[in-house]
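> Take this structure first; my questions come after.
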Amino acid sequence: MPVVNYQQYCQMLDNAKENKFAYPAVNITSSSTINAALLAFKEANSDGIIQVSTGGGKFGSGIGVGSMAKGAIALAVYTHIMAEHYDVNIALHTDHCHPEYVDSFMMPLIEETKRRRAAGLPNLFSSHMYDGSALPMNENIAESKRLMKICVELDLILEIETGIVGGEEDGHDTSGVSADKLYTTPEDMVLASRELGSMGRFLLAATFGNVHGVYKPGNVKLKPTILRDGQEAVAKAEGPDTRLDLVFHGGSGSEIADIHESLNYGVVKMNIDTDTQYAYTRPVVDHMMKNYDGVLKIEGEVGNKKVYDPRSWGKKAEQNMADRLMRACNDLRSTGTSLGKNI
């Protein structure tokens, strides 16, 4: 089916919130990783979110262009075309746009959506993330409101972040921040709800000990009760029916019990990147090591085209990434929840 519009995206999020599951939001960098994501959501009968980061967009544009915005546009257009062949709903999202990249990444994508709408075409992306978490809270909220106004006018959902996800991703390193910055306060959540909630629907990446990067299970110490306390504070301040749509970043190495607890407190989207990166690369390494004498032309030999043809190892990478993403659907309880053509 086509990439979802605003109303359909809202139905997806409502479905997740009401039934206490979350959508895997998988970072992609190429047509192959997009294909893997679409296959996984189809096989899991789960709607899902495909997202592009600044680094992913730059990679997707190729080393001859090196443009994060142009690459993101190309990857999004490819997703639009291929999503039509799958009976699940797909939302397109951009990940972690830090303040220094708003003008070179987010705004060109928004301008592309404006051009598409003028031509009678659907929005390029369904939602965008502005990550102003490194700024003082008042500056973060002020810029978020400015971008929220633009997004609301174009039927786009904005994701923001309060608190800081530790670790490093796409060259943005927050490993040196103080421990207290890794936890969103109830006051932060109330402020975000009050300032942005009156403008339209938004997603909040509230931090509760999350850390980007690679960790063994149990090494990431989460405090999901922070989300519970924040939601309770929002309900008390904004009304008993007010409940934020929360996003879980930096989940690699998290205990499954913590993940499930976070779903009970309103997490409707969880970013998946590190684990699917490894899943994509692992069978390629295996293929190269097992076929060393075939992928290289050693001592004048011609090698074996059947094993150095990128399609021979690319299919293995695609399938293994899809398998890992299907596991994420199971972990997040989204398997079998697709709204299909009902939206």
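Each chain in the structure tokens gets a letter, A, B, ..., in the order shown, and its residues are numbered from 1; ligands are numbered from 1 in order too.
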For Phe248 of chain A, list every protein, DNA or RNA residue within 7 Å, evaluated using only C-alpha atoms, and leave out those in the same chain fewer than 5 positions away; present the list as number ranges by chain.

A: 205, 267, 269-271

> Contacts of segment 187-204 of chain A at 10 Å or less, counting only C-alpha atoms, minus same-chain residues fewer than 4 places along, as an mmCIF file with N, CA, C and O atoms, in the first residue's frame?


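Saved the output as around_26.cif:
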data_model
loop_
_atom_site.group_PDB
_atom_site.id
_atom_site.type_symbol
_atom_site.label_atom_id
_atom_site.label_comp_id
_atom_site.auth_asym_id
_atom_site.auth_seq_id
_atom_site.Cartn_x
_atom_site.Cartn_y
_atom_site.Cartn_z
ATOM 1 N N TYR A 6 -1.348 11.558 6.816
ATOM 2 C CA TYR A 6 -1.416 11.980 8.218
ATOM 3 C C TYR A 6 -2.504 11.237 8.994
ATOM 4 O O TYR A 6 -2.258 10.737 10.104
ATOM 5 N N CYS A 10 -1.949 8.619 12.129
ATOM 6 C CA CYS A 10 -2.573 8.788 13.444
ATOM 7 C C CYS A 10 -3.306 7.519 13.861
ATOM 8 O O CYS A 10 -3.270 7.123 15.040
ATOM 9 N N LEU A 13 -0.740 5.059 15.155
ATOM 10 C CA LEU A 13 -0.275 5.401 16.498
ATOM 11 C C LEU A 13 -1.350 5.126 17.546
ATOM 12 O O LEU A 13 -1.043 4.648 18.648
ATOM 13 N N SER A 127 6.745 12.065 8.885
ATOM 14 C CA SER A 127 7.128 12.747 10.120
ATOM 15 C C SER A 127 8.619 13.052 10.098
ATOM 16 O O SER A 127 9.379 12.451 9.340
ATOM 17 N N HIS A 128 9.011 13.995 10.936
ATOM 18 C CA HIS A 128 10.414 14.391 11.056
ATOM 19 C C HIS A 128 10.783 14.495 12.527
ATOM 20 O O HIS A 128 9.941 14.832 13.369
ATOM 21 N N MET A 129 12.057 14.237 12.827
ATOM 22 C CA MET A 129 12.514 14.407 14.198
ATOM 23 C C MET A 129 13.458 15.593 14.304
ATOM 24 O O MET A 129 14.436 15.695 13.559
ATOM 25 N N MET A 137 16.442 23.664 27.890
ATOM 26 C CA MET A 137 15.073 23.237 27.630
ATOM 27 C C MET A 137 14.236 24.330 26.972
ATOM 28 O O MET A 137 13.445 24.058 26.066
ATOM 29 N N ASN A 138 14.384 25.565 27.411
ATOM 30 C CA ASN A 138 13.567 26.630 26.834
ATOM 31 C C ASN A 138 13.894 26.855 25.362
ATOM 32 O O ASN A 138 13.014 27.120 24.542
ATOM 33 N N ASN A 140 15.183 24.483 23.343
ATOM 34 C CA ASN A 140 14.699 23.267 22.679
ATOM 35 C C ASN A 140 13.213 23.400 22.354
ATOM 36 O O ASN A 140 12.785 23.159 21.212
ATOM 37 N N ILE A 141 12.421 23.796 23.327
ATOM 38 C CA ILE A 141 10.972 23.912 23.129
ATOM 39 C C ILE A 141 10.638 25.030 22.144
ATOM 40 O O ILE A 141 9.744 24.888 21.294
ATOM 41 N N ALA A 142 11.348 26.141 22.223
ATOM 42 C CA ALA A 142 11.067 27.266 21.324
ATOM 43 C C ALA A 142 11.284 26.865 19.867
ATOM 44 O O ALA A 142 10.448 27.153 18.998
ATOM 45 N N SER A 144 11.390 23.787 18.718
ATOM 46 C CA SER A 144 10.429 22.717 18.424
ATOM 47 C C SER A 144 9.078 23.294 18.027
ATOM 48 O O SER A 144 8.428 22.815 17.095
ATOM 49 N N LYS A 145 8.661 24.346 18.717
ATOM 50 C CA LYS A 145 7.378 24.990 18.391
ATOM 51 C C LYS A 145 7.420 25.637 17.008
ATOM 52 O O LYS A 145 6.446 25.596 16.255
ATOM 53 N N ARG A 146 8.548 26.234 16.668
ATOM 54 C CA ARG A 146 8.678 26.845 15.339
ATOM 55 C C ARG A 146 8.534 25.787 14.245
ATOM 56 O O ARG A 146 7.816 25.977 13.256
ATOM 57 N N MET A 148 7.204 22.809 14.665
ATOM 58 C CA MET A 148 5.887 22.184 14.794
ATOM 59 C C MET A 148 4.852 22.955 13.977
ATOM 60 O O MET A 148 4.000 22.344 13.313
ATOM 61 N N LYS A 149 4.922 24.250 13.992
ATOM 62 C CA LYS A 149 3.976 25.075 13.232
ATOM 63 C C LYS A 149 4.066 24.750 11.742
ATOM 64 O O LYS A 149 3.051 24.600 11.058
ATOM 65 N N CYS A 151 5.224 21.944 10.425
ATOM 66 C CA CYS A 151 4.779 20.564 10.209
ATOM 67 C C CYS A 151 3.259 20.456 10.224
ATOM 68 O O CYS A 151 2.670 19.761 9.393
ATOM 69 N N VAL A 152 2.615 21.125 11.166
ATOM 70 C CA VAL A 152 1.153 21.061 11.268
ATOM 71 C C VAL A 152 0.506 21.559 9.980
ATOM 72 O O VAL A 152 -0.473 20.978 9.490
ATOM 73 N N GLU A 153 1.052 22.612 9.412
ATOM 74 C CA GLU A 153 0.496 23.180 8.182
ATOM 75 C C GLU A 153 0.598 22.206 7.002
ATOM 76 O O GLU A 153 -0.165 22.310 6.043
ATOM 77 N N ASP A 155 0.554 18.715 7.379
ATOM 78 C CA ASP A 155 0.104 17.378 7.790
ATOM 79 C C ASP A 155 1.281 16.448 8.067
ATOM 80 O O ASP A 155 1.284 15.277 7.664
ATOM 81 N N LEU A 156 2.268 16.972 8.768
ATOM 82 C CA LEU A 156 3.426 16.187 9.184
ATOM 83 C C LEU A 156 3.432 16.085 10.704
ATOM 84 O O LEU A 156 3.011 17.009 11.396
ATOM 85 N N ILE A 157 3.901 14.977 11.222
ATOM 86 C CA ILE A 157 4.045 14.811 12.667
ATOM 87 C C ILE A 157 5.499 15.098 13.034
ATOM 88 O O ILE A 157 6.419 14.631 12.362
ATOM 89 N N LEU A 158 5.697 15.861 14.088
ATOM 90 C CA LEU A 158 7.047 16.179 14.554
ATOM 91 C C LEU A 158 7.386 15.332 15.769
ATOM 92 O O LEU A 158 6.569 15.165 16.670
ATOM 93 N N GLU A 159 8.597 14.802 15.781
ATOM 94 C CA GLU A 159 9.131 14.115 16.963
ATOM 95 C C GLU A 159 10.194 15.009 17.577
ATOM 96 O O GLU A 159 11.042 15.553 16.867
ATOM 97 N N ILE A 160 10.153 15.165 18.893
ATOM 98 C CA ILE A 160 11.177 15.937 19.585
ATOM 99 C C ILE A 160 11.793 15.066 20.679
ATOM 100 O O ILE A 160 11.275 13.985 20.988
ATOM 101 N N GLU A 161 12.887 15.548 21.247
ATOM 102 C CA GLU A 161 13.538 14.800 22.325
ATOM 103 C C GLU A 161 13.823 15.717 23.498
ATOM 104 O O GLU A 161 14.289 16.842 23.328
ATOM 105 N N THR A 162 13.512 15.228 24.699
ATOM 106 C CA THR A 162 13.904 15.917 25.931
ATOM 107 C C THR A 162 14.780 14.956 26.721
ATOM 108 O O THR A 162 14.527 13.756 26.735
ATOM 109 N N GLY A 163 15.791 15.479 27.372
ATOM 110 C CA GLY A 163 16.791 14.591 27.945
ATOM 111 C C GLY A 163 17.711 14.159 26.821
ATOM 112 O O GLY A 163 17.461 14.422 25.641
ATOM 113 N N TYR A 183 18.018 11.433 31.800
ATOM 114 C CA TYR A 183 16.674 11.148 32.278
ATOM 115 C C TYR A 183 15.765 12.364 32.108
ATOM 116 O O TYR A 183 16.042 13.440 32.636
ATOM 117 N N LEU A 227 8.988 7.080 32.658
ATOM 118 C CA LEU A 227 7.908 7.313 31.693
ATOM 119 C C LEU A 227 6.555 7.284 32.386
ATOM 120 O O LEU A 227 5.680 8.104 32.095
ATOM 121 N N ASP A 229 5.914 7.984 35.555
ATOM 122 C CA ASP A 229 5.767 9.186 36.388
ATOM 123 C C ASP A 229 5.492 10.413 35.521
ATOM 124 O O ASP A 229 4.705 11.293 35.906
ATOM 125 N N GLY A 230 6.146 10.467 34.368
ATOM 126 C CA GLY A 230 5.923 11.593 33.472
ATOM 127 C C GLY A 230 4.516 11.618 32.914
ATOM 128 O O GLY A 230 3.877 12.678 32.844
ATOM 129 N N GLN A 231 4.009 10.450 32.527
ATOM 130 C CA GLN A 231 2.640 10.376 32.010
ATOM 131 C C GLN A 231 1.635 10.768 33.089
ATOM 132 O O GLN A 231 0.639 11.455 32.811
ATOM 133 N N GLU A 232 1.885 10.344 34.308
ATOM 134 C CA GLU A 232 0.977 10.707 35.406
ATOM 135 C C GLU A 232 0.995 12.217 35.649
ATOM 136 O O GLU A 232 -0.055 12.828 35.916
ATOM 137 N N ALA A 233 2.166 12.817 35.549
ATOM 138 C CA ALA A 233 2.278 14.259 35.747
ATOM 139 C C ALA A 233 1.542 15.014 34.639
ATOM 140 O O ALA A 233 0.884 16.032 34.895
ATOM 141 N N VAL A 234 1.652 14.505 33.403
ATOM 142 C CA VAL A 234 0.951 15.122 32.270
ATOM 143 C C VAL A 234 -0.558 15.028 32.463
ATOM 144 O O VAL A 234 -1.290 16.001 32.254
ATOM 145 N N ALA A 235 -1.030 13.860 32.864
ATOM 146 C CA ALA A 235 -2.474 13.680 33.080
ATOM 147 C C ALA A 235 -2.988 14.600 34.179
ATOM 148 O O ALA A 235 -4.086 15.158 34.079
ATOM 149 N N LYS A 236 -2.192 14.781 35.218
ATOM 150 C CA LYS A 236 -2.602 15.652 36.333
ATOM 151 C C LYS A 236 -2.646 17.107 35.895
ATOM 152 O O LYS A 236 -3.554 17.867 36.264
ATOM 153 N N ALA A 237 -1.664 17.512 35.063
ATOM 154 C CA ALA A 237 -1.561 18.914 34.662
ATOM 155 C C ALA A 237 -2.457 19.264 33.488
ATOM 156 O O ALA A 237 -3.020 20.369 33.425
ATOM 157 N N GLU A 238 -2.628 18.325 32.546
ATOM 158 C CA GLU A 238 -3.316 18.631 31.288
ATOM 159 C C GLU A 238 -4.673 17.954 31.152
ATOM 160 O O GLU A 238 -5.368 18.177 30.165
ATOM 161 N N THR A 242 -5.164 12.965 28.760
ATOM 162 C CA THR A 242 -3.956 13.340 28.025
ATOM 163 C C THR A 242 -2.873 12.297 28.245
ATOM 164 O O THR A 242 -2.524 11.986 29.388
ATOM 165 N N ARG A 243 -2.384 11.750 27.146
ATOM 166 C CA ARG A 243 -1.346 10.724 27.232
ATOM 167 C C ARG A 243 -0.414 10.892 26.038
ATOM 168 O O ARG A 243 -0.857 10.861 24.893
ATOM 169 N N LEU A 244 0.854 11.085 26.304
ATOM 170 C CA LEU A 244 1.816 11.357 25.246
ATOM 171 C C LEU A 244 2.148 10.108 24.430
ATOM 172 O O LEU A 244 2.139 8.984 24.944
ATOM 173 N N ASP A 245 2.470 10.313 23.151
ATOM 174 C CA ASP A 245 3.000 9.260 22.284
ATOM 175 C C ASP A 245 4.519 9.266 22.459
ATOM 176 O O ASP A 245 5.194 10.208 22.025
ATOM 177 N N LEU A 246 5.048 8.235 23.091
ATOM 178 C CA LEU A 246 6.462 8.213 23.438
ATOM 179 C C LEU A 246 7.285 7.359 22.479
ATOM 180 O O LEU A 246 6.792 6.395 21.885
ATOM 181 N N VAL A 247 8.564 7.732 22.357
ATOM 182 C CA VAL A 247 9.511 7.030 21.488
ATOM 183 C C VAL A 247 10.687 6.539 22.316
ATOM 184 O O VAL A 247 11.174 7.245 23.200
ATOM 185 N N PHE A 248 11.138 5.339 22.017
ATOM 186 C CA PHE A 248 12.233 4.681 22.722
ATOM 187 C C PHE A 248 13.453 4.671 21.791
ATOM 188 O O PHE A 248 13.467 3.994 20.778
ATOM 189 N N VAL A 267 4.986 3.990 25.125
ATOM 190 C CA VAL A 267 5.931 3.934 24.007
ATOM 191 C C VAL A 267 5.230 3.315 22.802
ATOM 192 O O VAL A 267 4.706 2.203 22.882
ATOM 193 N N VAL A 268 5.201 4.038 21.685
ATOM 194 C CA VAL A 268 4.524 3.555 20.474
ATOM 195 C C VAL A 268 5.491 3.389 19.313
ATOM 196 O O VAL A 268 5.119 2.889 18.245
ATOM 197 N N LYS A 269 6.744 3.785 19.517
ATOM 198 C CA LYS A 269 7.761 3.709 18.462
ATOM 199 C C LYS A 269 9.091 3.414 19.115
ATOM 200 O O LYS A 269 9.458 4.056 20.099
#

> Would you list, as JSON, numbers by chain, the residues of segment 19-179 of chain A that end up in alpha helix (DSSP H) under DSSP run on this structure's backbone?

{"A": [19, 31, 32, 33, 34, 35, 36, 37, 38, 39, 40, 41, 42, 43, 44, 54, 55, 56, 57, 58, 59, 60, 68, 69, 70, 71, 72, 73, 74, 75, 76, 77, 78, 79, 80, 81, 82, 83, 107, 108, 109, 110, 111, 112, 113, 114, 115, 116, 117, 118, 137, 138, 139, 140, 141, 142, 143, 144, 145, 146, 147, 148, 149, 150, 151, 152, 153]}

> So what do you get for atom CA of Leu92 of chain A versus atom CA of Gln51 of chain A, distance-wise?

5.7 Å

> Between A:Lys297, A:His260, A:Arg327, A:Lys316, which is the closest to Tyr280 of chain A once you count only C-alpha atoms?

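The closest residue to Tyr280 of chain A is A:Lys316.
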
> Go through A:Gln8, A:Ala16, A:Ile272, A:Leu109 one by one, measure the shortest atom-to-atom distance of each to Ile50 of chain A using only C-alpha atoms, and give the residue with the smallest value.

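Closest candidate: A:Ile272.
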
> Rank A:Val88, A:Leu263, A:Met82, A:Tyr292 by their smallest atom-to-atom distance to Lys42 of chain A, using only C-alpha atoms, and report the top residue only.

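Distance minimum relative to Lys42 of chain A lands on A:Val88.
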
> When distances are computed from only C-alpha atoms, which of A:Val4, A:Ala206, A:Val307, A:Met106 shows the smallest separation from Asn89 of chain A?

A:Val4

> Which of these residues is nearest to Asp273 of chain A, using only C-alpha atoms: A:Lys223, A:Lys315, A:Arg324, A:Lys306?

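Residue with the minimum atom-to-atom distance to Asp273 of chain A: A:Arg324.
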
> Measuring between only C-alpha atoms, which one of A:Glu299, A:Asp258, A:Glu143, A:Glu43 shows the shortest distance to Asp331 of chain A?

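Ranking A:Glu299, A:Asp258, A:Glu143, A:Glu43 by distance to Asp331 of chain A, first place goes to A:Asp258.
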
> Hey, what's within 10 Å of segment 32-35 of chain A if we count only C-alpha atoms and toss same-chain stuff fewer than 6 positions away? As a list in words, please?

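My list of contacting residues is Val26, Ile50, Gln51, Leu75, Ala76, Tyr78, Thr79, Met82, Ala83, Thr276, Gln277, Tyr280, Gly314, Lys315, Ala317, Glu318, Gln319, Met321 and Ala322 of chain A.
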
> I need the residues from that last selection saved to file as a short mmCIF file (atom, residue, chain, number, x, y, z; two decimals), in the first residue's frame (with N, CA, C and O atoms), if you can.


data_model
loop_
_atom_site.label_atom_id
_atom_site.label_comp_id
_atom_site.auth_asym_id
_atom_site.auth_seq_id
_atom_site.Cartn_x
_atom_site.Cartn_y
_atom_site.Cartn_z
N VAL A 26 12.89 1.42 11.73
CA VAL A 26 14.17 0.88 11.29
C VAL A 26 14.90 1.89 10.40
O VAL A 26 14.34 2.41 9.45
N ILE A 50 9.80 3.35 8.58
CA ILE A 50 11.12 3.34 7.94
C ILE A 50 11.69 4.74 8.06
O ILE A 50 11.00 5.72 7.75
N GLN A 51 12.93 4.86 8.53
CA GLN A 51 13.46 6.19 8.79
C GLN A 51 14.88 6.37 8.24
O GLN A 51 15.63 5.40 8.08
N LEU A 75 15.93 8.00 -1.23
CA LEU A 75 15.52 6.82 -0.47
C LEU A 75 14.02 6.84 -0.18
O LEU A 75 13.35 5.80 -0.23
N ALA A 76 13.49 8.03 0.09
CA ALA A 76 12.06 8.14 0.37
C ALA A 76 11.24 7.84 -0.88
O ALA A 76 10.22 7.14 -0.81
N TYR A 78 12.09 5.94 -3.38
CA TYR A 78 12.16 4.50 -3.61
C TYR A 78 11.19 3.76 -2.68
O TYR A 78 10.50 2.83 -3.09
N THR A 79 11.13 4.19 -1.43
CA THR A 79 10.21 3.56 -0.47
C THR A 79 8.76 3.73 -0.91
O THR A 79 7.96 2.79 -0.83
N MET A 82 8.10 1.16 -3.76
CA MET A 82 8.09 -0.24 -3.35
C MET A 82 7.00 -0.56 -2.33
O MET A 82 6.46 -1.66 -2.31
N ALA A 83 6.66 0.40 -1.48
CA ALA A 83 5.64 0.16 -0.44
C ALA A 83 4.29 -0.19 -1.05
O ALA A 83 3.48 -0.87 -0.41
N THR A 276 20.07 -4.16 13.45
CA THR A 276 19.82 -4.50 12.04
C THR A 276 21.05 -4.23 11.18
O THR A 276 21.24 -4.88 10.15
N GLN A 277 21.89 -3.28 11.58
CA GLN A 277 23.16 -3.08 10.88
C GLN A 277 24.00 -4.36 10.97
O GLN A 277 24.54 -4.85 9.96
N TYR A 280 22.57 -7.24 8.94
CA TYR A 280 22.81 -7.10 7.50
C TYR A 280 24.24 -7.50 7.13
O TYR A 280 24.49 -8.16 6.12
N GLY A 314 24.22 -10.07 -1.37
CA GLY A 314 23.25 -9.05 -1.03
C GLY A 314 21.92 -9.65 -0.60
O GLY A 314 21.26 -9.14 0.32
N LYS A 315 21.51 -10.73 -1.27
CA LYS A 315 20.25 -11.38 -0.89
C LYS A 315 20.33 -11.97 0.51
O LYS A 315 19.34 -11.94 1.26
N ALA A 317 22.21 -10.81 2.96
CA ALA A 317 22.17 -9.68 3.89
C ALA A 317 20.75 -9.19 4.08
O ALA A 317 20.30 -8.93 5.21
N GLU A 318 20.03 -9.06 2.99
CA GLU A 318 18.66 -8.58 3.04
C GLU A 318 17.76 -9.50 3.86
O GLU A 318 16.98 -9.03 4.69
N GLN A 319 17.90 -10.80 3.64
CA GLN A 319 17.06 -11.75 4.36
C GLN A 319 17.39 -11.76 5.85
O GLN A 319 16.48 -11.80 6.70
N MET A 321 18.68 -9.33 7.67
CA MET A 321 18.18 -8.10 8.29
C MET A 321 16.67 -8.19 8.49
O MET A 321 16.15 -7.78 9.54
N ALA A 322 15.97 -8.74 7.51
CA ALA A 322 14.52 -8.91 7.64
C ALA A 322 14.18 -9.82 8.81
O ALA A 322 13.26 -9.54 9.59
#

> Step one, run DSSP on the backbone; step two, keep only residues of segment 82-168 of chain A assigned to strand (DSSP E); then write them as number ranges by chain.

A: 90-97, 127-130, 157-162, 168

> Between atom CA of Ala69 of chain A and atom CA of Thr54 of chain A, measure the distance and give it in Å to one decimal.

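Result for atom CA of Ala69 of chain A versus atom CA of Thr54 of chain A: 7.6 Å, one decimal.
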
> Quick one: residues within 12 Å of Ala257 of chain A, only C-alpha atoms counted, chain neighbours fewer than 5 positions away excluded, as a ChimeraX atom specification?

/A:217-218,221-224,262-264,331-332

> Deliver the residues from the most recent selection as a file, using N, CA and C atoms, as a PDB file, in the first residue's frame.


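Result file is part-v1.pdb:
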ATOM      1  N   PRO A 217      23.311  -7.662  26.488  1.00  0.00           N
ATOM      2  CA  PRO A 217      22.062  -7.595  27.259  1.00  0.00           C
ATOM      3  C   PRO A 217      22.343  -7.382  28.739  1.00  0.00           C
ATOM      4  N   GLY A 218      21.624  -6.449  29.330  1.00  0.00           N
ATOM      5  CA  GLY A 218      21.783  -6.173  30.754  1.00  0.00           C
ATOM      6  C   GLY A 218      22.728  -5.037  31.062  1.00  0.00           C
ATOM      7  N   LYS A 221      21.115   0.195  31.708  1.00  0.00           N
ATOM      8  CA  LYS A 221      20.256   0.239  32.884  1.00  0.00           C
ATOM      9  C   LYS A 221      19.136   1.263  32.672  1.00  0.00           C
ATOM     10  N   LEU A 222      17.976   0.775  32.351  1.00  0.00           N
ATOM     11  CA  LEU A 222      16.837   1.646  32.088  1.00  0.00           C
ATOM     12  C   LEU A 222      15.986   1.847  33.338  1.00  0.00           C
ATOM     13  N   LYS A 223      15.262   2.954  33.371  1.00  0.00           N
ATOM     14  CA  LYS A 223      14.312   3.242  34.438  1.00  0.00           C
ATOM     15  C   LYS A 223      12.962   3.577  33.810  1.00  0.00           C
ATOM     16  N   PRO A 224      12.222   2.560  33.350  1.00  0.00           N
ATOM     17  CA  PRO A 224      10.940   2.816  32.677  1.00  0.00           C
ATOM     18  C   PRO A 224       9.937   3.573  33.542  1.00  0.00           C
ATOM     19  N   SER A 262       8.047  -0.453  29.247  1.00  0.00           N
ATOM     20  CA  SER A 262       7.939   0.855  28.601  1.00  0.00           C
ATOM     21  C   SER A 262       6.717   0.931  27.693  1.00  0.00           C
ATOM     22  N   LEU A 263       6.328  -0.204  27.093  1.00  0.00           N
ATOM     23  CA  LEU A 263       5.140  -0.219  26.237  1.00  0.00           C
ATOM     24  C   LEU A 263       3.889   0.082  27.052  1.00  0.00           C
ATOM     25  N   ASN A 264       3.877  -0.358  28.283  1.00  0.00           N
ATOM     26  CA  ASN A 264       2.726  -0.098  29.158  1.00  0.00           C
ATOM     27  C   ASN A 264       2.593   1.381  29.514  1.00  0.00           C
ATOM     28  N   ASP A 331       9.269  -8.707  19.722  1.00  0.00           N
ATOM     29  CA  ASP A 331       9.642  -8.115  21.006  1.00  0.00           C
ATOM     30  C   ASP A 331       8.760  -6.923  21.361  1.00  0.00           C
ATOM     31  N   LEU A 332       8.355  -6.168  20.350  1.00  0.00           N
ATOM     32  CA  LEU A 332       7.556  -4.966  20.576  1.00  0.00           C
ATOM     33  C   LEU A 332       6.064  -5.227  20.472  1.00  0.00           C
TER      34      LEU A 332
END
